[in-house]
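run28.csv follows (CSV, C-alpha atoms):
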```
chain,number,residue,atom,x,y,z
C,1,MET,CA,-10.1,24.1,1.1
C,2,LYS,CA,-7.9,25.8,-1.5
C,3,LEU,CA,-4.6,24.8,0.2
C,4,LEU,CA,-5.4,21.1,-0.1
C,5,GLU,CA,-6.7,21.5,-3.7
C,6,ASP,CA,-3.6,23.3,-4.7
C,7,ARG,CA,-1.4,20.6,-3.1
C,8,ILE,CA,-3.3,17.8,-4.9
C,9,LEU,CA,-2.7,19.6,-8.2
C,10,ALA,CA,0.9,20.2,-7.4
C,11,ASP,CA,1.9,16.9,-5.8
C,12,GLY,CA,-0.9,14.4,-6.4
C,13,LYS,CA,-0.3,11.8,-9.0
C,14,VAL,CA,-3.0,10.3,-11.2
C,15,PHE,CA,-2.6,6.7,-12.3
C,16,PRO,CA,-4.8,4.7,-14.7
C,17,GLY,CA,-7.9,3.3,-13.2
C,18,GLU,CA,-8.8,6.6,-11.4
C,19,VAL,CA,-6.1,6.0,-8.8
C,20,LEU,CA,-5.0,9.3,-7.1
C,21,LYS,CA,-1.8,9.0,-5.2
C,22,VAL,CA,-1.2,11.5,-2.4
C,23,GLY,CA,1.3,9.5,-0.4
C,24,GLY,CA,3.8,12.4,-0.6
C,25,PHE,CA,1.8,14.6,1.7
C,26,LEU,CA,-1.2,12.8,3.1
C,27,ASN,CA,-1.2,9.1,3.7
C,28,HIS,CA,2.4,7.8,3.7
C,29,LEU,CA,4.6,10.7,4.2
C,30,VAL,CA,2.5,13.1,6.2
C,31,ASP,CA,3.2,16.9,5.8
C,32,ASP,CA,3.0,18.3,9.2
C,33,SER,CA,2.2,21.9,8.1
C,34,LEU,CA,-0.6,20.8,5.7
C,35,LEU,CA,-2.1,18.6,8.4
C,36,GLU,CA,-2.1,21.5,10.8
C,37,GLU,CA,-4.3,23.4,8.4
C,38,ILE,CA,-6.5,20.4,7.7
C,39,GLY,CA,-7.1,19.9,11.4
C,40,LYS,CA,-8.0,23.6,11.8
C,41,GLU,CA,-10.4,23.4,8.9
C,42,ILE,CA,-12.2,20.3,10.2
C,43,HIS,CA,-12.7,22.2,13.5
C,44,ALA,CA,-14.0,25.2,11.7
C,45,LEU,CA,-16.6,23.0,10.1
C,46,PHE,CA,-17.7,21.0,13.1
C,47,GLY,CA,-16.3,22.9,16.1
C,48,ASP,CA,-19.8,24.0,17.3
C,49,LYS,CA,-21.3,20.5,17.5
C,50,ASN,CA,-20.1,19.6,21.0
C,51,VAL,CA,-18.1,16.6,19.7
C,52,THR,CA,-16.9,14.3,22.5
C,53,LYS,CA,-15.0,11.8,20.3
C,54,LEU,CA,-13.3,11.8,17.0
C,55,MET,CA,-13.5,8.4,15.3
C,56,THR,CA,-11.4,7.1,12.4
C,57,ILE,CA,-10.1,3.8,11.0
C,58,GLU,CA,-6.5,2.6,10.9
C,59,ALA,CA,-4.2,3.5,9.5
C,60,SER,CA,-4.2,6.7,7.4
C,61,GLY,CA,-7.1,8.3,9.1
C,62,ILE,CA,-5.3,8.5,12.4
C,63,ALA,CA,-3.0,11.3,11.4
C,64,ILE,CA,-5.8,13.6,10.3
C,65,ALA,CA,-7.9,12.8,13.3
C,66,CYS,CA,-5.0,13.6,15.6
C,67,TYR,CA,-4.4,17.0,14.0
C,68,ALA,CA,-8.1,17.8,14.4
C,69,ALA,CA,-8.2,16.5,18.0
C,70,ARG,CA,-6.0,19.4,19.2
C,71,HIS,CA,-8.7,21.8,18.3
C,72,PHE,CA,-11.7,19.7,19.6
C,73,HIS,CA,-9.8,18.7,22.8
C,74,ALA,CA,-11.4,15.4,22.3
C,75,PRO,CA,-9.9,11.9,22.2
C,76,VAL,CA,-9.4,9.9,19.0
C,77,LEU,CA,-10.9,6.5,18.7
C,78,PHE,CA,-9.6,4.4,15.8
C,79,ALA,CA,-11.3,1.3,14.6
C,80,LYS,CA,-8.9,-1.6,14.2
C,81,LYS,CA,-8.6,-4.1,11.5
C,82,SER,CA,-6.9,-7.0,13.3
C,83,LYS,CA,-7.3,-8.5,16.7
C,84,THR,CA,-4.3,-8.6,19.0
C,85,SER,CA,-3.7,-10.5,22.3
C,86,ASN,CA,-4.6,-7.3,24.3
C,87,ILE,CA,-8.0,-6.7,22.7
C,88,SER,CA,-11.2,-7.6,24.6
C,89,SER,CA,-13.7,-9.8,22.9
C,90,ASP,CA,-16.5,-7.2,23.7
C,91,CYS,CA,-16.4,-5.2,20.5
C,92,TYR,CA,-18.7,-3.6,18.0
C,93,THR,CA,-17.8,-4.9,14.5
C,94,ALA,CA,-18.6,-4.0,10.9
C,95,GLU,CA,-17.5,-5.3,7.5
C,96,VAL,CA,-15.6,-2.8,5.4
C,97,LYS,CA,-14.8,-3.4,1.7
C,98,SER,CA,-11.6,-1.7,0.6
C,99,TYR,CA,-11.2,-1.0,-3.1
C,100,THR,CA,-7.6,0.1,-2.8
C,101,HIS,CA,-6.6,-3.0,-0.7
C,102,GLY,CA,-8.9,-5.3,-2.7
C,103,ASN,CA,-10.3,-7.0,0.3
C,104,VAL,CA,-12.9,-7.0,3.1
C,105,ASN,CA,-11.9,-6.2,6.6
C,106,THR,CA,-13.8,-6.7,9.8
C,107,VAL,CA,-13.2,-3.5,11.7
C,108,PHE,CA,-14.0,-3.2,15.4
C,109,VAL,CA,-13.9,-0.9,18.4
C,110,GLU,CA,-14.0,-2.1,22.0
C,111,LYS,CA,-17.4,-1.4,23.4
C,112,GLU,CA,-16.0,0.4,26.5
C,113,TYR,CA,-14.5,3.1,24.3
C,114,LEU,CA,-17.6,4.1,22.5
C,115,ARG,CA,-20.5,5.2,24.7
C,116,ALA,CA,-24.2,6.0,24.1
C,117,GLU,CA,-23.6,9.5,25.5
C,118,ASP,CA,-20.8,10.2,22.9
C,119,ARG,CA,-21.2,12.8,20.2
C,120,VAL,CA,-19.0,11.4,17.4
C,121,LEU,CA,-17.3,13.1,14.4
C,122,ILE,CA,-16.0,10.5,11.9
C,123,ILE,CA,-12.8,11.5,10.1
C,124,ASP,CA,-11.0,9.8,7.3
C,125,ASP,CA,-8.4,10.7,4.7
C,126,PHE,CA,-10.4,9.5,1.6
C,127,LEU,CA,-14.0,9.2,0.8
C,128,ALA,CA,-14.7,7.3,-2.4
C,129,HIS,CA,-17.5,4.6,-2.4
C,130,GLY,CA,-18.2,5.4,1.3
C,131,GLU,CA,-17.6,1.9,2.5
C,132,ALA,CA,-15.3,2.9,5.4
C,133,LEU,CA,-17.6,5.6,6.5
C,134,ARG,CA,-20.6,3.3,6.5
C,135,GLY,CA,-18.7,0.8,8.6
C,136,LEU,CA,-17.8,3.5,11.1
C,137,ILE,CA,-21.3,4.8,11.1
C,138,SER,CA,-22.6,1.3,11.9
C,139,LEU,CA,-20.2,1.2,14.9
C,140,VAL,CA,-21.6,4.5,16.1
C,141,HIS,CA,-25.2,3.3,15.7
C,142,GLN,CA,-24.4,0.0,17.5
C,143,ALA,CA,-23.2,1.9,20.5
C,144,GLY,CA,-26.3,4.1,20.5
C,145,ALA,CA,-24.0,7.2,20.2
C,146,THR,CA,-24.9,10.3,18.3
C,147,LEU,CA,-23.3,10.8,15.0
C,148,VAL,CA,-22.5,14.5,14.5
C,149,GLY,CA,-21.1,14.2,11.0
C,150,CYS,CA,-18.3,12.9,8.8
C,151,ALA,CA,-15.2,14.8,7.6
C,152,ALA,CA,-13.0,13.6,4.8
C,153,ALA,CA,-9.9,15.2,3.5
C,154,ILE,CA,-10.3,14.2,-0.1
C,155,GLU,CA,-13.6,12.9,-1.7
C,156,LYS,CA,-13.8,11.3,-5.1
C,157,GLY,CA,-17.2,12.9,-5.8
C,158,TYR,CA,-17.7,10.9,-9.0
C,159,GLN,CA,-17.7,7.6,-7.1
C,160,GLY,CA,-20.8,8.7,-5.3
C,161,GLY,CA,-20.2,7.6,-1.7
C,162,GLY,CA,-20.4,11.0,-0.2
C,163,ASP,CA,-23.5,12.1,-2.1
C,164,GLY,CA,-25.2,8.9,-1.2
C,165,LEU,CA,-24.6,9.5,2.4
C,166,ARG,CA,-25.7,13.2,2.1
C,167,ALA,CA,-28.9,12.0,0.4
C,168,GLU,CA,-29.6,9.9,3.5
C,169,GLY,CA,-29.3,12.9,5.7
C,170,TYR,CA,-25.7,12.6,7.0
C,171,ASP,CA,-23.7,15.7,7.4
C,172,VAL,CA,-20.7,14.8,5.3
C,173,LYS,CA,-18.1,17.4,4.5
C,174,SER,CA,-14.9,17.0,2.5
C,175,LEU,CA,-12.2,19.5,2.2
C,176,ALA,CA,-11.5,18.8,-1.5
C,177,ILE,CA,-14.0,17.1,-3.7
C,178,ILE,CA,-12.8,15.7,-7.0
C,179,GLU,CA,-15.5,15.9,-9.6
C,180,LYS,CA,-13.5,14.5,-12.5
C,181,MET,CA,-10.1,12.9,-12.9
C,182,SER,CA,-8.6,11.8,-16.2
C,183,ASP,CA,-5.7,9.4,-16.9
C,184,ASP,CA,-3.8,12.4,-18.4
C,185,GLY,CA,-3.6,13.9,-14.9
C,186,THR,CA,-6.4,16.5,-15.2
C,187,ILE,CA,-8.3,17.0,-12.0
C,188,VAL,CA,-11.5,19.0,-11.7
C,189,PHE,CA,-12.7,20.0,-8.2
C,190,ARG,CA,-16.3,20.6,-7.2
C,191,GLU,CA,-17.1,24.2,-6.3
C,192,GLN,CA,-17.9,24.4,-2.6
R,193,MET,CA,7.8,10.6,32.3
R,194,LYS,CA,5.8,10.7,35.5
R,195,LEU,CA,2.5,11.6,33.8
R,196,LEU,CA,2.7,8.5,31.6
R,197,GLU,CA,3.8,6.2,34.4
R,198,ASP,CA,1.0,7.5,36.6
R,199,ARG,CA,-1.5,7.0,33.8
R,200,ILE,CA,-0.3,3.4,33.2
R,201,LEU,CA,-0.7,2.7,36.9
R,202,ALA,CA,-4.2,4.3,37.0
R,203,ASP,CA,-5.7,3.0,33.7
R,204,GLY,CA,-3.4,0.3,32.3
R,205,LYS,CA,-4.6,-3.3,32.7
R,206,VAL,CA,-2.3,-6.2,33.2
R,207,PHE,CA,-3.4,-9.6,31.8
R,208,PRO,CA,-1.8,-13.0,32.1
R,209,GLY,CA,1.1,-13.6,29.9
R,210,GLU,CA,2.7,-10.2,30.6
R,211,VAL,CA,0.1,-8.4,28.4
R,212,LEU,CA,-0.3,-4.7,29.3
R,213,LYS,CA,-3.4,-3.1,27.9
R,214,VAL,CA,-3.3,0.7,27.4
R,215,GLY,CA,-6.0,0.9,24.8
R,216,GLY,CA,-8.0,3.4,26.9
R,217,PHE,CA,-5.5,6.2,26.5
R,218,LEU,CA,-2.7,5.2,24.1
R,219,ASN,CA,-3.4,2.9,21.2
R,220,HIS,CA,-7.1,2.4,20.6
R,221,LEU,CA,-8.7,5.4,22.3
R,222,VAL,CA,-6.0,8.1,22.1
R,223,ASP,CA,-6.1,10.7,24.9
R,224,ASP,CA,-5.5,14.0,23.3
R,225,SER,CA,-4.1,15.8,26.3
R,226,LEU,CA,-1.7,13.0,27.3
R,227,LEU,CA,-0.5,12.7,23.7
R,228,GLU,CA,0.2,16.5,23.7
R,229,GLU,CA,2.6,15.9,26.6
R,230,ILE,CA,4.2,12.8,25.1
R,231,GLY,CA,4.8,14.8,21.9
R,232,LYS,CA,6.5,17.6,23.9
R,233,GLU,CA,8.6,15.1,25.9
R,234,ILE,CA,9.9,13.4,22.8
R,235,HIS,CA,10.9,16.8,21.4
R,236,ALA,CA,12.6,17.6,24.7
R,237,LEU,CA,14.7,14.5,24.3
R,238,PHE,CA,15.6,14.8,20.6
R,239,GLY,CA,14.8,18.4,19.7
R,240,ASP,CA,18.4,19.4,19.3
R,241,LYS,CA,19.3,16.6,16.8
R,242,ASN,CA,18.2,18.4,13.6
R,243,VAL,CA,15.6,15.7,12.8
R,244,THR,CA,14.2,16.0,9.3
R,245,LYS,CA,11.8,13.1,9.4
R,246,LEU,CA,9.9,11.2,12.0
R,247,MET,CA,9.3,7.6,11.1
R,248,THR,CA,6.9,5.1,12.6
R,249,ILE,CA,4.9,2.1,11.7
R,250,GLU,CA,1.2,1.8,11.2
R,251,ALA,CA,-1.0,1.9,13.0
R,252,SER,CA,-0.6,2.9,16.6
R,253,GLY,CA,2.7,4.7,16.3
R,254,ILE,CA,1.1,7.2,13.9
R,255,ALA,CA,-0.7,9.1,16.7
R,256,ILE,CA,2.4,9.6,18.8
R,257,ALA,CA,4.5,10.6,15.8
R,258,CYS,CA,1.9,13.2,14.8
R,259,TYR,CA,1.8,14.8,18.2
R,260,ALA,CA,5.6,14.9,18.2
R,261,ALA,CA,5.8,16.3,14.7
R,262,ARG,CA,4.2,19.6,15.7
R,263,HIS,CA,7.3,20.4,17.8
R,264,PHE,CA,9.9,19.1,15.3
R,265,HIS,CA,8.1,20.8,12.3
R,266,ALA,CA,9.1,17.7,10.4
R,267,PRO,CA,6.9,15.3,8.3
R,268,VAL,CA,5.9,11.9,9.6
R,269,LEU,CA,6.7,8.9,7.4
R,270,PHE,CA,4.8,5.7,8.4
R,271,ALA,CA,5.9,2.3,7.2
R,272,LYS,CA,3.0,0.4,5.8
R,273,LYS,CA,2.1,-3.3,6.2
R,274,SER,CA,0.0,-3.9,3.1
R,275,LYS,CA,0.4,-2.9,-0.4
R,276,THR,CA,-2.5,-1.0,-2.1
R,277,SER,CA,-3.1,-0.1,-5.7
R,278,ASN,CA,-1.6,3.3,-5.2
R,279,ILE,CA,1.8,2.1,-3.9
R,280,SER,CA,4.9,2.2,-6.1
R,281,SER,CA,6.9,-1.0,-6.4
R,282,ASP,CA,10.0,0.9,-5.6
R,283,CYS,CA,10.2,0.3,-1.9
R,284,TYR,CA,12.5,-0.5,1.0
R,285,THR,CA,11.2,-3.5,2.8
R,286,ALA,CA,11.9,-5.3,6.1
R,287,GLU,CA,10.4,-8.3,7.9
R,288,VAL,CA,8.8,-7.5,11.3
R,289,LYS,CA,7.6,-10.2,13.7
R,290,SER,CA,4.7,-9.1,15.9
R,291,TYR,CA,4.3,-10.8,19.2
R,292,THR,CA,0.9,-9.2,19.9
R,293,HIS,CA,-0.4,-10.0,16.4
R,294,GLY,CA,1.3,-13.4,16.3
R,295,ASN,CA,2.5,-12.9,12.8
R,296,VAL,CA,5.2,-11.6,10.5
R,297,ASN,CA,4.6,-8.5,8.4
R,298,THR,CA,6.7,-7.2,5.5
R,299,VAL,CA,6.7,-3.5,6.2
R,300,PHE,CA,7.8,-1.0,3.6
R,301,VAL,CA,8.3,2.6,2.7
R,302,GLU,CA,8.5,4.0,-0.8
R,303,LYS,CA,12.0,4.9,-1.6
R,304,GLU,CA,11.2,8.4,-2.8
R,305,TYR,CA,10.0,9.4,0.8
R,306,LEU,CA,13.1,8.3,2.6
R,307,ARG,CA,16.3,10.0,1.4
R,308,ALA,CA,20.0,9.6,2.1
R,309,GLU,CA,20.1,13.2,3.4
R,310,ASP,CA,17.4,12.6,6.0
R,311,ARG,CA,18.0,12.6,9.7
R,312,VAL,CA,15.4,10.2,11.1
R,313,LEU,CA,13.9,9.8,14.5
R,314,ILE,CA,12.0,6.6,14.9
R,315,ILE,CA,8.9,6.7,17.1
R,316,ASP,CA,6.6,3.9,18.3
R,317,ASP,CA,4.1,3.4,21.1
R,318,PHE,CA,5.6,0.1,22.4
R,319,LEU,CA,9.1,-1.3,22.6
R,320,ALA,CA,9.2,-4.9,23.8
R,321,HIS,CA,11.4,-7.3,21.9
R,322,GLY,CA,12.5,-4.5,19.5
R,323,GLU,CA,11.3,-6.2,16.4
R,324,ALA,CA,9.5,-3.2,15.0
R,325,LEU,CA,12.3,-0.8,15.7
R,326,ARG,CA,14.8,-3.2,14.1
R,327,GLY,CA,12.6,-3.3,11.0
R,328,LEU,CA,12.4,0.5,10.9
R,329,ILE,CA,16.2,0.9,11.5
R,330,SER,CA,16.8,-1.5,8.6
R,331,LEU,CA,14.7,0.8,6.3
R,332,VAL,CA,16.7,3.8,7.4
R,333,HIS,CA,19.9,2.0,6.7
R,334,GLN,CA,18.7,0.8,3.3
R,335,ALA,CA,18.1,4.4,2.4
R,336,GLY,CA,21.5,5.5,3.5
R,337,ALA,CA,19.8,8.0,5.9
R,338,THR,CA,21.1,9.0,9.3
R,339,LEU,CA,19.4,7.4,12.3
R,340,VAL,CA,19.2,10.0,15.1
R,341,GLY,CA,17.6,7.8,17.6
R,342,CYS,CA,14.5,5.9,18.7
R,343,ALA,CA,11.7,7.1,21.0
R,344,ALA,CA,9.1,4.8,22.5
R,345,ALA,CA,6.3,5.7,24.8
R,346,ILE,CA,6.3,2.5,26.8
R,347,GLU,CA,9.1,0.0,27.0
R,348,LYS,CA,8.9,-3.5,28.5
R,349,GLY,CA,12.4,-3.4,29.9
R,350,TYR,CA,12.4,-7.0,31.0
R,351,GLN,CA,11.9,-8.2,27.4
R,352,GLY,CA,15.3,-6.8,26.5
R,353,GLY,CA,14.6,-5.2,23.1
R,354,GLY,CA,15.6,-1.7,24.2
R,355,ASP,CA,18.7,-2.6,26.1
R,356,GLY,CA,19.9,-4.8,23.3
R,357,LEU,CA,19.6,-1.9,20.9
R,358,ARG,CA,21.4,0.4,23.4
R,359,ALA,CA,24.2,-2.1,23.8
R,360,GLU,CA,24.6,-1.8,20.0
R,361,GLY,CA,25.0,2.0,20.3
R,362,TYR,CA,21.6,3.2,19.3
R,363,ASP,CA,20.2,6.1,21.2
R,364,VAL,CA,16.9,4.6,22.4
R,365,LYS,CA,14.8,6.5,24.9
R,366,SER,CA,11.5,5.4,26.3
R,367,LEU,CA,9.2,7.6,28.4
R,368,ALA,CA,8.2,4.8,30.7
R,369,ILE,CA,10.2,1.6,31.1
R,370,ILE,CA,8.5,-1.3,32.9
R,371,GLU,CA,11.0,-3.3,34.8
R,372,LYS,CA,8.6,-5.8,36.2
R,373,MET,CA,5.0,-6.7,35.7
R,374,SER,CA,3.1,-9.3,37.6
R,375,ASP,CA,-0.2,-11.1,36.8
R,376,ASP,CA,-1.6,-9.5,40.0
R,377,GLY,CA,-1.3,-6.1,38.3
R,378,THR,CA,1.8,-4.9,40.0
R,379,ILE,CA,4.0,-2.7,37.8
R,380,VAL,CA,7.5,-1.5,38.7
R,381,PHE,CA,9.1,1.2,36.5
R,382,ARG,CA,12.9,1.6,35.9
R,383,GLU,CA,14.3,4.7,37.6
R,384,GLN,CA,15.3,7.2,34.8
```
Would you mind giving the structure from this file in structure tokens?
Amino acid sequence: MKLLEDRILADGKVFPGEVLKVGGFLNHLVDDSLLEEIGKEIHALFGDKNVTKLMTIEASGIAIACYAARHFHAPVLFAKKSKTSNISSDCYTAEVKSYTHGNVNTVFVEKEYLRAEDRVLIIDDFLAHGEALRGLISLVHQAGATLVGCAAAIEKGYQGGGDGLRAEGYDVKSLAIIEKMSDDGTIVFREQ
Amino acid sequence: MKLLEDRILADGKVFPGEVLKVGGFLNHLVDDSLLEEIGKEIHALFGDKNVTKLMTIEASGIAIACYAARHFHAPVLFAKKSKTSNISSDCYTAEVKSYTHGNVNTVFVEKEYLRAEDRVLIIDDFLAHGEALRGLISLVHQAGATLVGCAAAIEKGYQGGGDGLRAEGYDVKSLAIIEKMSDDGTIVFREQ
């Protein structure tokens, strides 16, 4: 998606250790007009798959999933990271390691919100090692639901998470795939 | 907002200890069509205030803010609860006590995303004791920005957070205000 690649080049910031900061438009301050286009593009990629539920993980996946939901006319289920007093104990759970947070979270969805008859599209802002997607995929499998595919806004292709999932047969599509990122700020995208 | 009140009566669940669970349509599984209407209603209430930024707090406020953003054509800034490797150290911070999580979070926004010239509408899913709103209001004040008002989907009126803020002069509007909630499931809304 050229619009997103151009925005990454214009406003993304590269920090040492292969850290790409896109907080100015994607996952801290969310640019409404860009997200509108991202939502449309995700629907263009998966709109013919009879998706009944969009699934993401709190927090930064929620915005993208909501902008896509308008086009799918499907509800958004977001996996949670911490239990509150109003959460049922009847949950599907998965362990998700976060490299940016430097910790492991148990993420969960309440069983009543994810059904065997659901056709689920998983959405997230970033795909790097693939840990979050694998956690969400596990929740879908636990429910006996059908996984239609996974859509990420930005994939760090060189970290291998996306290609690993594709090699296992999952339909994983990312709107911008970074093939190479250097500490001097150079970013090279994969041709798609 | 009658649509939301009716939905709370139909699908909300009341648990002992004045816990209202709306995970089936608002803050775990997000009902796309309901959120569309909530977004429109928030715009109807604050659309003439020249809002330049919608501000919320992760995670469940993000969905509502994104559905409202479409109408304001303004970006969504969400305050974060945990620092990641890609967050600048130059942040505004506030302490927020959560009754549902039973903890205190330091929430923050990066300074570069909240400017003195911003006109900010704060949005959240729930307003109870008002702790989250007070934290967000503090961030707005720290930035020297203008606070236009606060919009919540559901307010627990009997917990006093909303009325306390109104008494201090803040323009706080909630789409459904619960005046009374009993363990037997009875819910009484405030006339608006």
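Residues from chain C that have an atom within 7 Å of chain R, counting all atoms listed in the file, are Val19, Lys21, His28, Leu29, Val30, Asp31, Asp32, Glu58, Ala59, Ile62, Ala63, Cys66, Ala69, Arg70, His73, Ala74, Pro75, Val76, Leu77, Phe78, Thr84, Ser85, Asn86, Thr100, His101 and Tyr113 of chain C.
Look at Asp310 of chain R: the protein and nucleic acid residues within 6 Å of it, using all atoms listed in the file and passing over chain neighbours fewer than 3 places away, are Thr244, Arg307 and Ala337 of chain R.
Between atom CA of Leu325 of chain R and atom CA of Cys342 of chain R the separation is 7.7 Å.
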For Gly135 of chain C: contacts at 7 Å, all atoms listed in the file, fewer than 2 positions along chain excluded, given as a CSV table (one decimal) with C-alpha atoms, in the coordinates of the input:
```csv
chain,number,residue,atom,x,y,z
C,94,ALA,CA,-18.6,-4.0,10.9
C,95,GLU,CA,-17.5,-5.3,7.5
C,96,VAL,CA,-15.6,-2.8,5.4
C,131,GLU,CA,-17.6,1.9,2.5
C,132,ALA,CA,-15.3,2.9,5.4
C,133,LEU,CA,-17.6,5.6,6.5
C,137,ILE,CA,-21.3,4.8,11.1
C,138,SER,CA,-22.6,1.3,11.9
C,139,LEU,CA,-20.2,1.2,14.9
```
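Between atom CA of Gln159 of chain C and atom CA of Thr186 of chain C the interatomic distance comes to 16.5 Å.
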Given all atoms listed in the file as the counted atoms, nearest of R:Leu319, R:Val299, R:Leu367, R:Ile200 to Ala236 of chain R: R:Leu367
Atom-to-atom span, atom CA of Ala153 of chain C and atom CA of Asp184 of chain C, Å: 22.9 Å
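Among the candidate residues C:Gly169, C:Gly130, C:Gly39, C:Gly47, the one lying nearest to Glu155 of chain C is C:Gly130, with distances computed using all atoms listed in the file.
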Contacts of Phe189 of chain C within 7 Å, all atoms listed in the file, excl. fewer than 6 positions in-chain, as JSON, numbers by chain: {"C": [176, 177, 178, 179]}
Non-local contacts of Ala151 of chain C (8 Å; only C-alpha atoms; under 2 positions in same chain excluded) as a list in words: Ile42, Leu121, Ile122, Ile123, Asp124, Gly149, Ala153, Val172, Lys173, Ser174 and Leu175 of chain C
For the residues selected in the previous step, produce a file with C-alpha atoms as a tab-separated table (two decimals), in the frame of the given file.
```
chain	number	residue	atom	x	y	z
C	42	ILE	CA	-12.20	20.30	10.20
C	121	LEU	CA	-17.30	13.10	14.40
C	122	ILE	CA	-16.00	10.50	11.90
C	123	ILE	CA	-12.80	11.50	10.10
C	124	ASP	CA	-11.00	9.80	7.30
C	149	GLY	CA	-21.10	14.20	11.00
C	153	ALA	CA	-9.90	15.20	3.50
C	172	VAL	CA	-20.70	14.80	5.30
C	173	LYS	CA	-18.10	17.40	4.50
C	174	SER	CA	-14.90	17.00	2.50
C	175	LEU	CA	-12.20	19.50	2.20
```
Kindly write segment 41-53 of chain C with N, CA, C and O atoms to a file, as a CSV table (one decimal), in the first residue's frame.
```
chain,number,residue,atom,x,y,z
C,41,GLU,N,-8.3,-0.9,2.6
C,41,GLU,CA,-7.4,-1.8,1.9
C,41,GLU,C,-7.5,-3.2,2.5
C,41,GLU,O,-7.5,-4.2,1.8
C,42,ILE,N,-7.7,-3.3,3.8
C,42,ILE,CA,-7.9,-4.6,4.4
C,42,ILE,C,-9.2,-5.3,3.9
C,42,ILE,O,-9.2,-6.5,3.6
C,43,HIS,N,-10.2,-4.4,3.7
C,43,HIS,CA,-11.4,-5.0,3.2
C,43,HIS,C,-11.2,-5.4,1.7
C,43,HIS,O,-11.8,-6.4,1.3
C,44,ALA,N,-10.4,-4.7,1.0
C,44,ALA,CA,-10.2,-5.1,-0.4
C,44,ALA,C,-9.5,-6.4,-0.5
C,44,ALA,O,-9.7,-7.2,-1.4
C,45,LEU,N,-8.6,-6.7,0.5
C,45,LEU,CA,-7.9,-8.0,0.5
C,45,LEU,C,-8.7,-9.2,1.0
C,45,LEU,O,-8.5,-10.3,0.6
C,46,PHE,N,-9.6,-8.9,2.0
C,46,PHE,CA,-10.3,-10.0,2.6
C,46,PHE,C,-11.8,-9.9,2.6
C,46,PHE,O,-12.5,-10.7,3.2
C,47,GLY,N,-12.3,-8.9,1.8
C,47,GLY,CA,-13.8,-8.7,1.8
C,47,GLY,C,-14.6,-9.8,1.2
C,47,GLY,O,-15.8,-9.8,1.5
C,48,ASP,N,-14.0,-10.7,0.5
C,48,ASP,CA,-14.8,-11.7,-0.2
C,48,ASP,C,-14.8,-13.0,0.6
C,48,ASP,O,-15.1,-14.1,0.1
C,49,LYS,N,-14.3,-13.0,1.9
C,49,LYS,CA,-14.1,-14.2,2.7
C,49,LYS,C,-15.2,-14.5,3.7
C,49,LYS,O,-15.0,-15.3,4.6
C,50,ASN,N,-16.3,-13.8,3.6
C,50,ASN,CA,-17.4,-14.0,4.5
C,50,ASN,C,-17.0,-13.9,6.0
C,50,ASN,O,-17.3,-14.8,6.8
C,51,VAL,N,-16.2,-12.9,6.3
C,51,VAL,CA,-15.7,-12.7,7.7
C,51,VAL,C,-16.9,-12.3,8.6
C,51,VAL,O,-17.7,-11.5,8.3
C,52,THR,N,-17.0,-13.0,9.7
C,52,THR,CA,-18.0,-12.7,10.7
C,52,THR,C,-17.5,-11.9,11.9
C,52,THR,O,-18.3,-11.4,12.7
C,53,LYS,N,-16.2,-12.0,12.1
C,53,LYS,CA,-15.6,-11.3,13.3
C,53,LYS,C,-14.2,-10.9,13.0
C,53,LYS,O,-13.4,-11.6,12.4
```
